[in-house]
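> One file is attached below, target14.cif, containing mmCIF, C-alpha atoms.
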data_data
#
loop_
_atom_site.label_atom_id
_atom_site.label_comp_id
_atom_site.auth_asym_id
_atom_site.auth_seq_id
_atom_site.Cartn_x
_atom_site.Cartn_y
_atom_site.Cartn_z
CA MET A 1 12.17 -17.55 24.47
CA PHE A 2 11.44 -20.97 23.03
CA MET A 3 14.28 -23.39 22.30
CA GLY A 4 14.89 -27.11 22.15
CA GLU A 5 13.57 -30.13 20.28
CA TYR A 6 11.02 -32.57 21.69
CA GLN A 7 9.55 -35.80 20.37
CA HIS A 8 5.79 -36.17 20.86
CA SER A 9 2.88 -37.95 19.29
CA ILE A 10 -0.54 -36.91 18.10
CA ASP A 11 -3.54 -39.12 18.79
CA ASP A 12 -6.49 -39.99 16.53
CA LYS A 13 -8.46 -37.03 17.90
CA GLY A 14 -5.75 -34.51 17.00
CA ARG A 15 -4.51 -34.07 20.57
CA MET A 16 -0.85 -33.54 21.25
CA ILE A 17 1.04 -32.89 24.48
CA VAL A 18 2.79 -29.52 24.53
CA PRO A 19 6.27 -29.77 26.05
CA ALA A 20 6.14 -28.69 29.69
CA LYS A 21 8.92 -26.13 29.11
CA PHE A 22 6.71 -24.32 26.56
CA ARG A 23 3.40 -24.28 28.42
CA GLU A 24 3.95 -21.30 30.70
CA SER A 25 5.35 -19.10 27.92
CA LEU A 26 2.47 -19.99 25.60
CA GLY A 27 -0.09 -19.02 28.23
CA PRO A 28 -3.64 -20.29 28.68
CA SER A 29 -4.53 -19.69 25.03
CA PHE A 30 -2.34 -19.26 21.97
CA ILE A 31 -2.55 -19.22 18.19
CA VAL A 32 -1.63 -22.07 15.85
CA THR A 33 -1.42 -21.47 12.11
CA ARG A 34 0.01 -22.90 8.93
CA GLY A 35 3.73 -22.32 8.90
CA LEU A 36 6.29 -22.26 6.17
CA ASP A 37 8.11 -25.43 5.06
CA GLN A 38 5.00 -27.55 5.83
CA CYS A 39 5.08 -27.17 9.58
CA LEU A 40 2.79 -25.39 12.04
CA PHE A 41 3.68 -22.13 13.78
CA VAL A 42 2.51 -21.67 17.37
CA TYR A 43 2.51 -18.15 18.81
CA PRO A 44 1.81 -16.83 22.30
CA ARG A 45 -0.86 -14.10 22.16
CA GLU A 46 1.72 -11.29 22.51
CA GLU A 47 3.82 -12.53 19.61
CA TRP A 48 0.72 -13.10 17.48
CA SER A 49 -0.34 -9.48 18.08
CA ILE A 50 3.08 -8.26 16.92
CA LEU A 51 2.86 -10.40 13.78
CA GLU A 52 -0.72 -9.27 13.18
CA GLN A 53 0.35 -5.61 13.24
CA LYS A 54 3.16 -6.29 10.78
CA LEU A 55 0.81 -8.10 8.41
CA LYS A 56 -1.77 -5.30 8.67
CA ALA A 57 0.92 -2.84 7.59
CA LEU A 58 1.48 -4.67 4.29
CA SER A 59 -0.01 -3.00 1.23
CA LEU A 60 -3.31 -4.49 0.04
CA MET A 61 -2.34 -3.35 -3.43
CA LYS A 62 0.36 -6.05 -3.67
CA SER A 63 -0.88 -9.53 -4.52
CA ASP A 64 1.96 -11.23 -2.63
CA ALA A 65 1.04 -9.35 0.55
CA ARG A 66 -2.63 -10.32 0.18
CA ALA A 67 -1.73 -13.95 -0.47
CA PHE A 68 0.65 -14.19 2.48
CA THR A 69 -1.85 -12.52 4.84
CA ARG A 70 -4.61 -14.88 3.67
CA PHE A 71 -2.33 -17.88 4.15
CA PHE A 72 -1.53 -16.94 7.74
CA PHE A 73 -4.94 -15.78 8.94
CA SER A 74 -7.15 -18.33 7.21
CA GLY A 75 -5.20 -21.17 8.80
CA ALA A 76 -5.06 -19.63 12.26
CA THR A 77 -6.95 -21.03 15.20
CA GLU A 78 -6.98 -20.34 18.92
CA CYS A 79 -5.93 -23.30 21.06
CA GLU A 80 -5.98 -23.97 24.77
CA LEU A 81 -4.33 -26.61 26.91
CA ASP A 82 -6.42 -29.24 28.64
CA LYS A 83 -5.65 -30.53 32.15
CA GLN A 84 -3.12 -33.02 30.72
CA GLY A 85 -1.20 -30.27 28.89
CA ARG A 86 -2.53 -31.24 25.47
CA MET A 87 -3.75 -29.05 22.65
CA ASN A 88 -6.30 -30.13 20.08
CA LEU A 89 -5.27 -29.43 16.50
CA PRO A 90 -7.92 -29.06 13.78
CA ASN A 91 -7.81 -31.37 10.75
CA ASN A 92 -6.85 -28.65 8.26
CA LEU A 93 -3.66 -27.92 10.23
CA ILE A 94 -2.88 -31.62 10.69
CA GLU A 95 -3.21 -32.09 6.93
CA HIS A 96 -1.09 -29.02 6.12
CA ALA A 97 1.82 -30.29 8.23
CA LYS A 98 1.27 -33.92 7.20
CA LEU A 99 1.17 -34.86 10.88
CA GLU A 100 0.84 -38.50 11.69
CA LYS A 101 1.55 -40.26 14.95
CA ASP A 102 5.16 -39.10 15.52
CA CYS A 103 5.78 -35.35 15.72
CA VAL A 104 8.66 -33.06 16.58
CA VAL A 105 8.05 -29.86 18.55
CA ILE A 106 10.82 -27.28 18.39
CA GLY A 107 11.38 -23.90 19.98
CA VAL A 108 12.39 -21.16 17.55
CA SER A 109 12.92 -17.99 19.60
CA ASN A 110 9.50 -16.28 19.62
CA ARG A 111 7.45 -19.23 18.38
CA VAL A 112 7.06 -22.99 18.54
CA GLU A 113 7.00 -25.15 15.43
CA ILE A 114 5.30 -28.53 15.04
CA TRP A 115 6.66 -30.89 12.38
CA SER A 116 5.91 -34.40 11.26
CA LYS A 117 8.88 -36.48 12.37
CA GLN A 118 9.63 -37.54 8.80
CA MET A 119 9.47 -33.96 7.42
CA TRP A 120 11.67 -32.65 10.27
CA GLU A 121 14.33 -35.31 9.73
CA SER A 122 14.43 -34.56 6.01
CA TYR A 123 14.54 -30.79 6.56
CA SER A 124 17.21 -31.10 9.27
CA GLN A 125 19.43 -33.24 7.09
CA GLN A 126 19.19 -30.84 4.14
CA SER A 127 19.77 -27.80 6.38
CA GLU A 128 22.71 -29.40 8.14
CA GLU A 129 24.40 -30.06 4.82
CA SER A 130 24.18 -26.37 3.90
CA PHE A 131 24.65 -24.91 7.41
CA ASN A 132 28.06 -23.39 6.63
CA GLU A 133 26.75 -21.74 3.46
CA ILE A 134 23.77 -20.33 5.35
CA ALA A 135 26.07 -18.99 8.09
CA GLU A 136 28.23 -17.25 5.49
CA LYS A 137 25.18 -15.55 3.98
CA LEU A 138 24.12 -14.26 7.39
CA VAL A 139 27.29 -12.17 7.51
CA ASP A 140 25.64 -10.03 4.82
CA PHE A 141 22.96 -9.19 7.41
CA ASN A 142 25.61 -7.97 9.87
CA PHE A 143 25.27 -11.18 11.90
CA ASP A 144 28.30 -12.79 13.47
CA LEU A 145 28.52 -15.73 15.88
#
Now, as a test, write the supplied structure out as structure tokens.

Amino acid sequence: MFMGEYQHSIDDKGRMIVPAKFRESLGPSFIVTRGLDQCLFVYPREEWSILEQKLKALSLMKSDARAFTRFFFSGATECELDKQGRMNLPNNLIEHAKLEKDCVVIGVSNRVEIWSKQMWESYSQQSEESFNEIAEKLVDFNFDL
């Protein structure tokens, strides 16, 4: 399980250090793709396979299913860690997440997310303001803290 928030930076070549606590769980190679809310989603191979099966089960007859599947798979790339524990992100993913020098890497249960520091701070502030409302809505999903 991935959890926690870490501050990192990305260099001019698109390399970013993966938090040491995440490296073992990600494995020697993992998948990075465009995520929702203008971040990147990082999946260990096992989790990516589970997601892949779910996306394959969506009906090709529904335009939303086709669009979502295209969004996820067309942005996906396999990454590996170098000897310094860095991954190399391609330009299209850097542009999608608006990554600049300062980044935030967070653990979100079965995946890792990579955010630009500015986007994360803005998202966090907005989410924090509505946290109680969100928690109340989760009760409808039979979720209780």
> Show me as a PDB file with C-alpha atoms, in the coordinates of the input the residues that reach within 7 Å of (-3.3, -24.1, 7.3), counting all atoms listed in the file and using the file's own coordinates.

ATOM      1  CA  THR A  33      -1.420 -21.470  12.110  1.00  0.00           C
ATOM      2  CA  ARG A  34       0.010 -22.900   8.930  1.00  0.00           C
ATOM      3  CA  SER A  74      -7.150 -18.330   7.210  1.00  0.00           C
ATOM      4  CA  GLY A  75      -5.200 -21.170   8.800  1.00  0.00           C
ATOM      5  CA  ALA A  76      -5.060 -19.630  12.260  1.00  0.00           C
ATOM      6  CA  ASN A  92      -6.850 -28.650   8.260  1.00  0.00           C
ATOM      7  CA  LEU A  93      -3.660 -27.920  10.230  1.00  0.00           C
ATOM      8  CA  HIS A  96      -1.090 -29.020   6.120  1.00  0.00           C
TER       9      HIS A  96
END
> Find the residues near Gly4 of chain A: any atom within 12 Å, counting all atoms listed in the file, skip ones fewer than 5 places away on the same chain, and give them as a ChimeraX atom specification.
/A:19-22,104-109,111-113
> Write out as a ChimeraX atom specification which residues come within 12 Å of segment 79-90 of chain A when counting all atoms listed in the file, dropping same-chain ones fewer than 5 positions away.
/A:8-24,26-34,40-45,95-97,99-100,114
> Measure the distance from atom CA of Leu51 of chain A to atom CA of Phe68 of chain A in Å and round it to one decimal.
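Taking atom CA of Leu51 of chain A and atom CA of Phe68 of chain A, their separation equals 12.1 Å.
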> For atom CA of Met3 of chain A and atom CA of Ile94 of chain A, determine how far apart the two atoms are, in Å to one decimal place.
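Here the two named atoms are 22.3 Å from each other.
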> Could you tell me how far atom CA of Cys103 of chain A sits from atom CA of Trp115 of chain A, in Å to one decimal place?
5.6 Å
> Once you add 5 Å to each side, what are the centre and edge lengths of the axis-aligned box holding all listed atoms of segment 34-38 of chain A? One decimal in Å, as lines of an AutoDock Vina configuration file, if you can.

center_x = 4.1
center_y = -24.9
center_z = 7.0
size_x = 18.1
size_y = 15.3
size_z = 13.9
> The residues within 6 Å of (1.3, -8.6, 4.9), using all atoms listed in the file and the coordinates of the file, should be reported as a PyMOL selection string; which are they?
chain A and resi 55-56+58+65+69
> Starting from the sparse input, extend segment 21-38 of chain A to N, CA and C atoms and give the output as a PDB file, in the frame of the given file.

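Writing done, so here's result-v2.pdb:
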ATOM      1  N   LYS A  21       8.107 -27.348  29.129  1.00  0.00           N
ATOM      2  CA  LYS A  21       8.920 -26.130  29.110  1.00  0.00           C
ATOM      3  C   LYS A  21       8.286 -25.010  28.295  1.00  0.00           C
ATOM      4  N   PHE A  22       7.348 -25.331  27.405  1.00  0.00           N
ATOM      5  CA  PHE A  22       6.710 -24.320  26.560  1.00  0.00           C
ATOM      6  C   PHE A  22       5.384 -23.827  27.120  1.00  0.00           C
ATOM      7  N   ARG A  23       4.769 -24.575  27.995  1.00  0.00           N
ATOM      8  CA  ARG A  23       3.400 -24.280  28.420  1.00  0.00           C
ATOM      9  C   ARG A  23       3.235 -22.911  29.071  1.00  0.00           C
ATOM     10  N   GLU A  24       4.099 -22.579  30.000  1.00  0.00           N
ATOM     11  CA  GLU A  24       3.950 -21.300  30.700  1.00  0.00           C
ATOM     12  C   GLU A  24       4.111 -20.125  29.744  1.00  0.00           C
ATOM     13  N   SER A  25       5.104 -20.197  28.865  1.00  0.00           N
ATOM     14  CA  SER A  25       5.350 -19.100  27.920  1.00  0.00           C
ATOM     15  C   SER A  25       4.232 -18.969  26.886  1.00  0.00           C
ATOM     16  N   LEU A  26       3.581 -20.072  26.540  1.00  0.00           N
ATOM     17  CA  LEU A  26       2.470 -19.990  25.600  1.00  0.00           C
ATOM     18  C   LEU A  26       1.232 -19.376  26.242  1.00  0.00           C
ATOM     19  N   GLY A  27       1.069 -19.580  27.535  1.00  0.00           N
ATOM     20  CA  GLY A  27      -0.090 -19.020  28.230  1.00  0.00           C
ATOM     21  C   GLY A  27      -1.311 -19.909  28.100  1.00  0.00           C
ATOM     22  N   PRO A  28      -2.421 -19.463  28.674  1.00  0.00           N
ATOM     23  CA  PRO A  28      -3.640 -20.290  28.680  1.00  0.00           C
ATOM     24  C   PRO A  28      -4.256 -20.483  27.292  1.00  0.00           C
ATOM     25  N   SER A  29      -4.078 -19.520  26.409  1.00  0.00           N
ATOM     26  CA  SER A  29      -4.530 -19.690  25.030  1.00  0.00           C
ATOM     27  C   SER A  29      -3.483 -19.078  24.107  1.00  0.00           C
ATOM     28  N   PHE A  30      -3.381 -19.648  22.929  1.00  0.00           N
ATOM     29  CA  PHE A  30      -2.340 -19.260  21.970  1.00  0.00           C
ATOM     30  C   PHE A  30      -2.863 -19.544  20.575  1.00  0.00           C
ATOM     31  N   ILE A  31      -2.117 -19.094  19.580  1.00  0.00           N
ATOM     32  CA  ILE A  31      -2.550 -19.220  18.190  1.00  0.00           C
ATOM     33  C   ILE A  31      -1.671 -20.230  17.457  1.00  0.00           C
ATOM     34  N   VAL A  32      -2.322 -21.116  16.712  1.00  0.00           N
ATOM     35  CA  VAL A  32      -1.630 -22.070  15.850  1.00  0.00           C
ATOM     36  C   VAL A  32      -2.067 -21.778  14.422  1.00  0.00           C
ATOM     37  N   THR A  33      -1.108 -21.731  13.512  1.00  0.00           N
ATOM     38  CA  THR A  33      -1.420 -21.470  12.110  1.00  0.00           C
ATOM     39  C   THR A  33      -0.505 -22.269  11.198  1.00  0.00           C
ATOM     40  N   ARG A  34      -0.851 -22.263   9.918  1.00  0.00           N
ATOM     41  CA  ARG A  34       0.010 -22.900   8.930  1.00  0.00           C
ATOM     42  C   ARG A  34       1.342 -22.159   8.923  1.00  0.00           C
ATOM     43  N   GLY A  35       2.412 -22.922   8.964  1.00  0.00           N
ATOM     44  CA  GLY A  35       3.730 -22.320   8.900  1.00  0.00           C
ATOM     45  C   GLY A  35       4.357 -22.565   7.549  1.00  0.00           C
ATOM     46  N   LEU A  36       5.537 -22.047   7.393  1.00  0.00           N
ATOM     47  CA  LEU A  36       6.290 -22.260   6.170  1.00  0.00           C
ATOM     48  C   LEU A  36       6.989 -23.614   6.246  1.00  0.00           C
ATOM     49  N   ASP A  37       7.397 -24.154   5.138  1.00  0.00           N
ATOM     50  CA  ASP A  37       8.110 -25.430   5.060  1.00  0.00           C
ATOM     51  C   ASP A  37       7.266 -26.608   5.553  1.00  0.00           C
ATOM     52  N   GLN A  38       5.954 -26.497   5.447  1.00  0.00           N
ATOM     53  CA  GLN A  38       5.000 -27.550   5.830  1.00  0.00           C
ATOM     54  C   GLN A  38       5.062 -27.928   7.301  1.00  0.00           C
TER      55      GLN A  38
END
